[in-house]
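*Asks:* So I've got this file, model.csv, and it contains CSV, C-alpha atoms (C1' of nucleotides):
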```csv
chain,number,residue,atom,x,y,z
A,1,MET,CA,-14.7,-23.9,-15.5
A,2,THR,CA,-13.5,-21.8,-18.3
A,3,GLN,CA,-9.9,-22.8,-18.5
A,4,ASP,CA,-7.6,-19.9,-18.6
A,5,ARG,CA,-7.1,-20.0,-22.2
A,6,ILE,CA,-5.1,-16.9,-21.9
A,7,ASN,CA,-1.5,-17.6,-21.8
A,8,GLY,CA,-0.2,-15.9,-18.7
A,9,ASP,CA,3.0,-17.8,-18.7
A,10,ARG,CA,4.2,-17.9,-22.2
A,11,ALA,CA,6.6,-15.1,-21.4
A,12,PRO,CA,10.2,-16.2,-21.2
A,13,SER,CA,9.8,-15.5,-17.5
A,14,THR,CA,12.5,-13.2,-16.9
A,15,LEU,CA,14.6,-13.3,-13.8
A,16,ALA,CA,13.2,-10.0,-12.7
A,17,PHE,CA,9.6,-11.2,-13.0
A,18,LEU,CA,10.2,-14.4,-11.3
A,19,LEU,CA,12.1,-12.7,-8.5
A,20,SER,CA,9.1,-10.4,-8.0
A,21,GLN,CA,6.6,-13.2,-8.0
A,22,VAL,CA,8.5,-15.3,-5.6
A,23,GLY,CA,9.5,-12.4,-3.4
A,24,ILE,CA,6.1,-11.0,-3.0
A,25,HIS,CA,4.7,-14.4,-2.5
A,26,ALA,CA,7.1,-15.0,0.3
A,27,SER,CA,6.2,-11.7,1.9
A,28,ARG,CA,2.5,-12.3,1.7
A,29,ARG,CA,2.8,-15.8,3.0
A,30,PHE,CA,4.9,-14.7,5.9
A,31,ALA,CA,2.4,-12.0,6.7
A,32,GLU,CA,-0.3,-14.7,6.9
A,33,LEU,CA,1.8,-16.9,9.1
A,34,ILE,CA,3.1,-14.3,11.5
A,35,ALA,CA,-0.5,-13.2,12.1
A,36,ALA,CA,-0.8,-16.3,14.2
A,37,VAL,CA,0.9,-14.4,17.0
A,38,ASP,CA,-0.9,-11.2,16.2
A,39,LEU,CA,1.9,-9.6,14.4
A,40,ASN,CA,2.5,-8.2,11.0
A,41,PRO,CA,5.9,-8.0,9.3
A,42,PRO,CA,6.8,-4.5,10.4
A,43,LEU,CA,5.9,-5.3,14.0
A,44,PHE,CA,7.9,-8.4,13.9
A,45,ARG,CA,10.8,-6.7,12.3
A,46,ILE,CA,10.8,-4.0,15.0
A,47,LEU,CA,10.7,-6.6,17.8
A,48,ASN,CA,13.8,-8.1,16.2
A,49,LEU,CA,15.6,-4.8,16.0
A,50,VAL,CA,14.7,-3.9,19.6
A,51,ASP,CA,16.0,-7.2,20.7
A,52,ALA,CA,19.2,-6.7,18.8
A,53,ALA,CA,19.8,-3.2,20.1
A,54,GLU,CA,17.9,-2.5,23.3
A,55,GLY,CA,17.7,1.0,24.6
A,56,GLU,CA,17.8,2.5,21.1
A,57,SER,CA,15.5,5.3,20.2
A,58,GLN,CA,12.4,4.9,18.1
A,59,GLN,CA,13.9,6.8,15.2
A,60,ALA,CA,17.2,4.9,15.3
A,61,ILE,CA,15.3,1.7,14.9
A,62,GLY,CA,13.0,3.2,12.3
A,63,ALA,CA,15.9,4.4,10.3
A,64,ALA,CA,17.4,0.9,10.3
A,65,ILE,CA,14.3,-0.4,8.5
A,66,ASP,CA,13.4,2.7,6.6
A,67,VAL,CA,10.3,3.5,8.5
A,68,PRO,CA,9.5,7.2,8.9
A,69,ALA,CA,9.3,8.6,12.4
A,70,SER,CA,5.7,9.4,12.1
A,71,ARG,CA,4.9,5.8,11.3
A,72,MET,CA,7.1,4.5,14.1
A,73,VAL,CA,4.9,6.1,16.6
A,74,ALA,CA,1.8,4.1,15.8
A,75,LEU,CA,3.8,0.9,15.4
A,76,VAL,CA,5.5,1.2,18.7
A,77,ASP,CA,2.2,2.3,20.3
A,78,GLU,CA,0.8,-1.0,19.1
A,79,LEU,CA,3.6,-2.9,20.5
A,80,GLU,CA,3.5,-1.1,23.8
A,81,HIS,CA,-0.3,-1.5,24.2
A,82,ARG,CA,0.2,-5.2,23.8
A,83,GLY,CA,2.8,-5.1,26.4
A,84,LEU,CA,5.6,-6.4,24.1
A,85,VAL,CA,7.7,-3.4,24.3
A,86,GLU,CA,8.4,-0.6,26.8
A,87,ARG,CA,9.2,3.0,26.2
A,88,ARG,CA,11.6,4.2,28.9
A,89,PRO,CA,13.1,7.6,29.3
A,90,ASP,CA,16.6,7.9,28.2
A,91,PRO,CA,18.8,9.0,31.1
A,92,THR,CA,21.0,11.1,28.9
A,93,ASP,CA,18.5,12.6,26.5
A,94,ARG,CA,15.1,13.5,27.6
A,95,ARG,CA,13.8,13.7,24.1
A,96,VAL,CA,14.4,10.0,23.5
A,97,ARG,CA,12.1,7.2,24.3
A,98,ALA,CA,14.3,4.2,24.6
A,99,LEU,CA,12.8,0.9,23.6
A,100,TYR,CA,13.0,-2.3,25.6
A,101,LEU,CA,11.5,-5.7,25.2
A,102,THR,CA,9.3,-6.9,28.0
A,103,ARG,CA,9.3,-10.5,29.1
A,104,LYS,CA,6.1,-11.0,27.0
A,105,GLY,CA,7.8,-9.3,24.1
A,106,ARG,CA,10.6,-11.8,24.2
A,107,GLN,CA,8.2,-14.7,24.3
A,108,THR,CA,6.3,-13.4,21.4
A,109,LEU,CA,9.5,-12.7,19.5
A,110,ALA,CA,10.6,-16.3,20.1
A,111,ARG,CA,7.3,-17.6,18.8
A,112,GLY,CA,7.6,-15.3,15.8
A,113,ARG,CA,11.0,-16.6,15.1
A,114,LYS,CA,9.8,-20.1,15.2
A,115,ILE,CA,7.1,-19.2,12.7
A,116,ALA,CA,9.8,-17.6,10.5
A,117,ARG,CA,11.8,-20.7,10.5
A,118,GLU,CA,8.9,-22.8,9.6
A,119,HIS,CA,8.1,-20.4,6.8
A,120,GLU,CA,11.6,-20.7,5.6
A,121,GLN,CA,11.4,-24.4,5.5
A,122,ALA,CA,8.0,-24.4,3.8
A,123,LEU,CA,9.3,-22.0,1.2
A,124,THR,CA,12.4,-23.9,0.4
A,125,ARG,CA,10.7,-27.3,0.5
A,126,GLY,CA,11.5,-29.0,-2.7
A,127,LEU,CA,15.0,-27.5,-2.9
A,128,ALA,CA,17.9,-29.7,-2.2
A,129,PRO,CA,20.2,-28.4,0.5
A,130,ALA,CA,22.8,-27.7,-2.1
A,131,ASP,CA,20.3,-25.7,-4.1
A,132,ARG,CA,19.3,-23.7,-1.0
A,133,LYS,CA,22.9,-22.8,-0.4
A,134,ARG,CA,23.4,-21.8,-4.0
A,135,LEU,CA,20.3,-19.7,-4.1
A,136,LEU,CA,21.3,-18.0,-0.9
A,137,LYS,CA,24.6,-17.1,-2.3
A,138,LEU,CA,23.2,-15.8,-5.5
A,139,LEU,CA,20.7,-13.7,-3.8
A,140,GLN,CA,23.2,-12.4,-1.4
A,141,LYS,CA,25.4,-11.4,-4.3
A,142,MET,CA,22.5,-9.5,-5.9
A,143,VAL,CA,21.7,-7.7,-2.7
A,144,ASP,CA,25.3,-6.6,-2.4
A,145,GLU,CA,25.5,-5.3,-5.9
A,146,GLN,CA,22.1,-3.7,-6.0
A,147,ALA,CA,22.5,-1.8,-2.8
A,148,ILE,CA,19.1,-3.0,-1.8
A,149,GLY,CA,17.8,-1.4,1.3
A,150,LYS,CA,16.8,-3.5,4.3
A,151,GLY,CA,13.5,-1.8,4.9
A,152,VAL,CA,10.1,-3.0,5.8
A,153,HIS,CA,8.2,-2.6,2.6
A,154,PRO,CA,4.9,-0.7,2.9
A,155,GLY,CA,1.9,-2.3,1.5
A,156,LEU,CA,2.8,-5.8,2.6
A,157,SER,CA,1.9,-5.5,6.2
A,158,ASP,CA,-1.4,-7.3,6.3
A,159,SER,CA,-2.1,-10.8,5.2
A,160,LYS,CA,-4.2,-10.5,2.2
A,161,PRO,CA,-6.3,-13.7,1.6
A,162,LEU,CA,-3.9,-14.9,-1.0
A,163,ARG,CA,-6.2,-17.5,-2.6
A,164,ASN,CA,-4.3,-20.6,-3.1
B,165,MET,CA,25.7,11.2,9.7
B,166,THR,CA,24.9,8.9,12.6
B,167,GLN,CA,26.1,5.6,11.3
B,168,ASP,CA,23.4,3.0,11.7
B,169,ARG,CA,24.9,1.4,14.7
B,170,ILE,CA,22.0,-0.8,14.7
B,171,ASN,CA,22.7,-4.1,13.2
B,172,GLY,CA,20.0,-4.6,10.7
B,173,ASP,CA,21.8,-7.3,8.9
B,174,ARG,CA,23.2,-9.5,11.6
B,175,ALA,CA,20.4,-11.9,11.0
B,176,PRO,CA,21.4,-15.1,9.3
B,177,SER,CA,19.5,-13.6,6.3
B,178,THR,CA,17.2,-16.4,5.6
B,179,LEU,CA,16.2,-17.3,2.1
B,180,ALA,CA,12.7,-16.2,2.8
B,181,PHE,CA,13.8,-12.8,3.8
B,182,LEU,CA,16.3,-12.3,1.0
B,183,LEU,CA,13.7,-13.4,-1.5
B,184,SER,CA,11.4,-10.8,-0.1
B,185,GLN,CA,13.9,-8.1,-0.2
B,186,VAL,CA,15.2,-8.8,-3.7
B,187,GLY,CA,11.7,-9.5,-5.1
B,188,ILE,CA,10.2,-6.3,-3.7
B,189,HIS,CA,13.2,-4.3,-4.8
B,190,ALA,CA,12.8,-5.7,-8.3
B,191,SER,CA,9.2,-4.7,-8.4
B,192,ARG,CA,9.7,-1.3,-7.1
B,193,ARG,CA,12.6,-0.6,-9.4
B,194,PHE,CA,10.6,-1.8,-12.4
B,195,ALA,CA,7.8,0.4,-11.4
B,196,GLU,CA,10.1,3.3,-11.5
B,197,LEU,CA,11.5,2.4,-14.8
B,198,ILE,CA,8.3,1.6,-16.6
B,199,ALA,CA,7.0,5.0,-15.5
B,200,ALA,CA,9.2,6.4,-18.3
B,201,VAL,CA,6.4,5.4,-20.7
B,202,ASP,CA,3.7,6.4,-18.3
B,203,LEU,CA,2.8,2.9,-17.3
B,204,ASN,CA,2.7,1.1,-14.1
B,205,PRO,CA,3.2,-2.6,-13.7
B,206,PRO,CA,-0.5,-3.6,-13.9
B,207,LEU,CA,-1.0,-1.5,-17.0
B,208,PHE,CA,2.1,-3.0,-18.6
B,209,ARG,CA,1.0,-6.4,-17.6
B,210,ILE,CA,-2.4,-5.9,-19.2
B,211,LEU,CA,-0.9,-4.6,-22.4
B,212,ASN,CA,1.1,-7.8,-22.6
B,213,LEU,CA,-1.9,-9.9,-22.0
B,214,VAL,CA,-4.0,-8.2,-24.6
B,215,ASP,CA,-1.2,-8.6,-27.1
B,216,ALA,CA,-1.0,-12.2,-26.3
B,217,ALA,CA,-4.7,-12.8,-26.6
B,218,GLU,CA,-6.4,-10.1,-28.5
B,219,GLY,CA,-10.2,-10.0,-28.5
B,220,GLU,CA,-10.5,-11.4,-25.0
B,221,SER,CA,-12.9,-9.9,-22.5
B,222,GLN,CA,-11.8,-7.7,-19.7
B,223,GLN,CA,-12.6,-10.2,-17.1
B,224,ALA,CA,-10.8,-13.0,-18.9
B,225,ILE,CA,-7.7,-10.9,-18.9
B,226,GLY,CA,-8.3,-9.8,-15.4
B,227,ALA,CA,-8.6,-13.4,-14.3
B,228,ALA,CA,-5.3,-14.3,-15.8
B,229,ILE,CA,-3.5,-11.9,-13.6
B,230,ASP,CA,-5.8,-12.1,-10.6
B,231,VAL,CA,-7.3,-8.7,-10.9
B,232,PRO,CA,-10.9,-8.3,-9.9
B,233,ALA,CA,-13.4,-7.1,-12.4
B,234,SER,CA,-14.1,-3.9,-10.6
B,235,ARG,CA,-10.5,-3.0,-10.8
B,236,MET,CA,-10.1,-3.9,-14.4
B,237,VAL,CA,-12.6,-1.3,-15.3
B,238,ALA,CA,-10.4,1.6,-14.1
B,239,LEU,CA,-7.3,0.0,-15.5
B,240,VAL,CA,-8.7,-0.5,-19.0
B,241,ASP,CA,-10.3,3.0,-18.8
B,242,GLU,CA,-6.9,4.4,-18.3
B,243,LEU,CA,-5.4,2.4,-21.2
B,244,GLU,CA,-8.3,3.4,-23.4
B,245,HIS,CA,-8.1,7.1,-22.6
B,246,ARG,CA,-4.5,7.0,-23.6
B,247,GLY,CA,-5.4,5.4,-26.8
B,248,LEU,CA,-3.4,2.3,-26.1
B,249,VAL,CA,-6.2,-0.1,-26.1
B,250,GLU,CA,-9.6,-0.3,-27.7
B,251,ARG,CA,-12.8,-1.8,-26.3
B,252,ARG,CA,-14.8,-3.3,-29.1
B,253,PRO,CA,-18.2,-5.0,-28.9
B,254,ASP,CA,-18.0,-8.8,-29.1
B,255,PRO,CA,-20.0,-10.0,-32.1
B,256,THR,CA,-21.2,-13.1,-30.2
B,257,ASP,CA,-21.9,-11.6,-26.8
B,258,ARG,CA,-23.1,-8.2,-26.3
B,259,ARG,CA,-22.1,-8.1,-22.7
B,260,VAL,CA,-18.5,-8.4,-23.5
B,261,ARG,CA,-16.0,-5.7,-24.3
B,262,ALA,CA,-13.3,-7.3,-26.4
B,263,LEU,CA,-9.9,-5.7,-26.0
B,264,TYR,CA,-7.5,-4.8,-28.8
B,265,LEU,CA,-4.3,-3.0,-28.9
B,266,THR,CA,-4.1,0.1,-31.0
B,267,ARG,CA,-1.1,1.0,-33.1
B,268,LYS,CA,0.0,3.3,-30.3
B,269,GLY,CA,-0.6,0.6,-27.8
B,270,ARG,CA,1.8,-1.7,-29.7
B,271,GLN,CA,4.4,1.0,-29.8
B,272,THR,CA,4.2,1.7,-26.1
B,273,LEU,CA,4.2,-2.0,-25.4
B,274,ALA,CA,7.4,-2.3,-27.4
B,275,ARG,CA,9.0,0.5,-25.5
B,276,GLY,CA,7.9,-1.0,-22.3
B,277,ARG,CA,9.4,-4.3,-23.2
B,278,LYS,CA,12.7,-2.7,-24.0
B,279,ILE,CA,12.6,-1.1,-20.5
B,280,ALA,CA,11.9,-4.5,-19.1
B,281,ARG,CA,14.9,-6.0,-20.8
B,282,GLU,CA,17.1,-3.3,-19.5
B,283,HIS,CA,15.7,-3.8,-16.1
B,284,GLU,CA,16.5,-7.4,-16.3
B,285,GLN,CA,20.0,-6.7,-17.3
B,286,ALA,CA,20.6,-4.1,-14.6
B,287,LEU,CA,19.2,-6.5,-12.0
B,288,THR,CA,21.3,-9.4,-13.0
B,289,ARG,CA,24.4,-7.3,-13.6
B,290,GLY,CA,27.1,-8.9,-11.5
B,291,LEU,CA,25.8,-12.4,-12.1
B,292,ALA,CA,27.7,-14.6,-14.4
B,293,PRO,CA,25.6,-16.1,-17.2
B,294,ALA,CA,25.9,-19.4,-15.6
B,295,ASP,CA,24.7,-18.0,-12.3
B,296,ARG,CA,21.8,-16.4,-14.0
B,297,LYS,CA,20.7,-19.6,-15.5
B,298,ARG,CA,21.0,-21.4,-12.3
B,299,LEU,CA,19.0,-18.8,-10.4
B,300,LEU,CA,16.4,-18.9,-13.1
B,301,LYS,CA,16.0,-22.6,-12.7
B,302,LEU,CA,15.9,-22.5,-8.9
B,303,LEU,CA,13.3,-19.9,-8.9
B,304,GLN,CA,11.3,-21.7,-11.5
B,305,LYS,CA,11.4,-24.7,-9.3
B,306,MET,CA,10.1,-22.8,-6.4
B,307,VAL,CA,7.3,-21.3,-8.3
B,308,ASP,CA,6.2,-24.7,-9.5
B,309,GLU,CA,6.3,-26.2,-6.0
B,310,GLN,CA,4.7,-23.3,-4.3
B,311,ALA,CA,1.8,-22.9,-6.6
B,312,ILE,CA,2.5,-19.2,-6.8
B,313,GLY,CA,-0.1,-17.2,-8.6
B,314,LYS,CA,0.9,-15.1,-11.6
B,315,GLY,CA,-1.0,-12.1,-10.5
B,316,VAL,CA,-0.2,-8.4,-10.4
B,317,HIS,CA,0.4,-7.6,-6.8
B,318,PRO,CA,-1.6,-4.7,-5.4
B,319,GLY,CA,0.4,-2.1,-3.6
B,320,LEU,CA,3.3,-2.1,-5.9
B,321,SER,CA,1.8,-0.2,-8.8
B,322,ASP,CA,3.3,3.2,-8.2
B,323,SER,CA,7.0,4.0,-8.1
B,324,LYS,CA,7.8,5.0,-4.6
B,325,PRO,CA,11.0,7.1,-4.5
B,326,LEU,CA,13.1,4.2,-3.4
B,327,ARG,CA,16.1,6.2,-2.2
B,328,ASN,CA,19.2,4.7,-3.6
C,329,DA,C1',-40.4,-18.3,-20.4
C,330,DA,C1',-38.3,-18.0,-15.9
C,331,DA,C1',-34.5,-18.4,-13.0
C,332,DG,C1',-29.7,-18.2,-12.5
C,333,DA,C1',-25.1,-16.9,-14.2
C,334,DT,C1',-22.0,-13.6,-16.3
C,335,DC,C1',-20.0,-9.0,-18.0
C,336,DG,C1',-18.9,-4.4,-17.1
C,337,DT,C1',-19.7,-0.6,-14.2
C,338,DT,C1',-20.4,2.4,-10.2
C,339,DA,C1',-20.4,3.9,-5.6
C,340,DA,C1',-19.0,3.6,-0.8
C,341,DC,C1',-16.1,2.3,2.6
C,342,DG,C1',-12.0,1.3,4.9
C,343,DA,C1',-6.8,0.7,5.2
C,344,DC,C1',-2.5,2.6,4.8
C,345,DT,C1',1.3,6.0,4.3
C,346,DG,C1',4.0,9.9,4.2
C,347,DG,C1',4.6,14.9,4.8
C,348,DA,C1',4.1,19.1,7.4
C,349,DA,C1',3.6,21.4,11.6
C,350,DT,C1',4.3,21.4,16.8
C,351,DG,C1',6.3,21.1,21.7
C,352,DG,C1',10.1,20.0,24.2
C,353,DT,C1',15.1,19.3,24.3
C,354,DT,C1',19.9,19.3,23.2
C,355,DC,C1',23.9,21.2,21.1
C,356,DA,C1',27.0,24.4,18.9
C,357,DA,C1',28.5,28.9,18.1
C,358,DG,C1',29.3,33.3,19.5
D,359,DC,C1',25.3,32.6,28.9
D,360,DT,C1',22.1,33.1,25.1
D,361,DT,C1',20.5,32.2,20.8
D,362,DG,C1',19.5,29.6,16.9
D,363,DA,C1',19.9,25.3,14.4
D,364,DA,C1',19.1,20.4,14.7
D,365,DC,C1',16.7,16.6,16.6
D,366,DC,C1',13.1,13.4,19.0
D,367,DA,C1',8.4,12.0,19.4
D,368,DT,C1',3.8,13.0,18.3
D,369,DT,C1',-0.4,14.5,16.0
D,370,DC,C1',-3.0,15.7,12.1
D,371,DC,C1',-4.2,15.6,7.6
D,372,DA,C1',-4.7,14.4,2.9
D,373,DG,C1',-4.0,11.5,-1.0
D,374,DT,C1',-3.8,6.8,-2.8
D,375,DC,C1',-5.6,2.3,-3.4
D,376,DG,C1',-8.2,-1.7,-3.4
D,377,DT,C1',-12.2,-4.5,-2.1
D,378,DT,C1',-17.0,-5.4,-1.5
D,379,DA,C1',-21.8,-4.9,-2.7
D,380,DA,C1',-25.3,-3.7,-5.7
D,381,DC,C1',-27.1,-2.9,-10.4
D,382,DG,C1',-28.6,-3.1,-15.3
D,383,DA,C1',-28.0,-5.6,-19.4
D,384,DT,C1',-27.4,-10.0,-21.5
D,385,DC,C1',-26.7,-14.9,-22.0
D,386,DT,C1',-27.9,-19.7,-20.8
D,387,DT,C1',-30.0,-23.4,-18.8
D,388,DT,C1',-34.0,-25.8,-17.7
```
Show this structure as structure tokens.
*Replies:*
Amino acid sequence: MTQDRINGDRAPSTLAFLLSQVGIHASRRFAELIAAVDLNPPLFRILNLVDAAEGESQQAIGAAIDVPASRMVALVDELEHRGLVERRPDPTDRRVRALYLTRKGRQTLARGRKIAREHEQALTRGLAPADRKRLLKLLQKMVDEQAIGKGVHPGLSDSKPLRN
Amino acid sequence: MTQDRINGDRAPSTLAFLLSQVGIHASRRFAELIAAVDLNPPLFRILNLVDAAEGESQQAIGAAIDVPASRMVALVDELEHRGLVERRPDPTDRRVRALYLTRKGRQTLARGRKIAREHEQALTRGLAPADRKRLLKLLQKMVDEQAIGKGVHPGLSDSKPLRN
DNA sequence: AAAGATCGTTAACGACTGGAATGGTTCAAG
DNA sequence: CTTGAACCATTCCAGTCGTTAACGATCTTT
């Protein structure tokens, strides 16, 4: 095979670039793994949010992860069709569709979380515990200073092949 | 404004999640900045590659960053239309379109690199030099162990608003 | 010389998103 | 009360992108 004679790595590899590479890799990989329970990152994220705050409105949850209302509809539809989440009328506001997890939803969420943990391990495999801790702190610091949103990022929902 | 009563951050914030957040943020932000010279990440990436290996074929360069041949066409078209890159016939293989930077291409590349440096600084602002170094090493280690490709990731080409 | 790869290109299809417009509903002001 | 602004959920639509498949031209291997 024609070796990649082209030097794709000769660059000093800036932090910004590395961060992008690793971050996107992490996302993609997670998307692949979470597909095992028929979820994609946004869906999984929503399940988590609903669990953390049951009874909230779609938009409230959408706002928490920067997902526009119009998109939330389809996402929640999906979740509801699969019987993972329920839309119930809000007793105090008839406009609102309060979200609740179903028993099945909790099960799926639990399985998803397990996958997330495994992903975490796989990703940090090769890093000593001390390193992990350090990395965590450094990243946390960056997030704090960069005012990085906590949204679900569009375009990373599906698990692209990711040859590897 | 209705405070986001929903706890979007109560999660232990795993390394995987943080990495995704930060990485995607870095990509998005860079896309915004590089737009100042009318480039998007893939285009900038290609410019860099061509500079590093002038005279290479489109596909060779595409392979180096995991961009399929069919996509390279449009990308290089764009670059060529703007007069940043030239397609020249390859003296030894008439199928090949060897790529070369134009004077203007070099100028734009230089400007893009400056932007990249500024982005790097902005991103790591708040991190002590020692921290930066450590972070760099840790990430590098992860990349090595994860066999992460050096591709340009689809879906992150344009600069979405990224409220902030 | 023939068959099988390879390069660049084009066309077609499908996937995904966000914005605008629409009922129904609530809330605040007068 | 009554009226208008703000708000929730939903539908529709349009623009963006990227991937696959097929194609001619050209090289290479046998």
*Asks:* Please check the contacts: residues of chain C at most 10 Å away from chain B, using only C-alpha atoms (C1' of nucleotides), listed as a PyMOL selection string.
*Replies:* chain C and resi 334-338
*Asks:* Near chain A, which residues of chain B fall within 8 Å when you count all atoms listed in the file, and what do they look like as a PyMOL selection string?
*Replies:* chain B and resi 168+170-173+178-191+213+216-217+224-225+227-229+283-284+287-288+290-291+295-296+299-300+302-307+309-314+317+319-320+328
*Asks:* Per residue of chain D within 8 Å of chain B, record the nearest atom pair and its distance in Å to one decimal, counting only C-alpha atoms (C1' of nucleotides), with rows in chain order and ascending residue number, as JSON lines.
*Replies:*
```
{"residue": "D:DC375", "atom": "C1'", "partner": "B:Gly319", "partner_atom": "CA", "distance": 7.4}
{"residue": "D:DG376", "atom": "C1'", "partner": "B:Pro318", "partner_atom": "CA", "distance": 7.5}
{"residue": "D:DA383", "atom": "C1'", "partner": "B:Arg259", "partner_atom": "CA", "distance": 7.2}
{"residue": "D:DT384", "atom": "C1'", "partner": "B:Arg259", "partner_atom": "CA", "distance": 5.8}
{"residue": "D:DC385", "atom": "C1'", "partner": "B:Asp257", "partner_atom": "CA", "distance": 7.5}
```
*Asks:* Just give me the gap between atom CA of Val67 of chain A and atom CA of Thr92 of chain A in Å, one decimal is fine.
*Replies:* 24.3 Å
*Asks:* By how many Å are atom CA of Arg252 of chain B and atom C1' of DT378 of chain D apart?
*Replies:*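 Atom C1' of DT378 of chain D lies at a distance of 27.8 Å from atom CA of Arg252 of chain B.
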*Asks:* Which of these residues is nearest to DT345 of chain C, using all atoms listed in the file: D:DC359, D:DC365, D:DC371, D:DC381?
*Replies:*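 The closest residue to DT345 of chain C is D:DC371.
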*Asks:* So which residues fall inside 10 Å of (11.7, 4.8, -20.2) if we count all atoms listed in the file? Mind giving them as a PyMOL selection string?
*Replies:* chain B and resi 196-203+275-280+282
*Asks:* Extract, using all atoms listed in the file, all DNA, RNA and protein residues at most 8 Å from Gly105 of chain A, discarding same-chain residues fewer than 5 positions from it, and format them as a PDB file with C-alpha atoms, keeping the file's coordinate frame.
*Replies:*
```pdb
ATOM      1  CA  LEU A  47      10.700  -6.600  17.800  1.00  0.00           C
ATOM      2  CA  GLY A  83       2.800  -5.100  26.400  1.00  0.00           C
ATOM      3  CA  LEU A  84       5.600  -6.400  24.100  1.00  0.00           C
ATOM      4  CA  VAL A  85       7.700  -3.400  24.300  1.00  0.00           C
TER       5      VAL A  85
END
```
*Asks:* Measure the distance from atom CA of Gln271 of chain B to atom CA of Pro206 of chain B in Å and round it to one decimal.
*Replies:* 17.3 Å
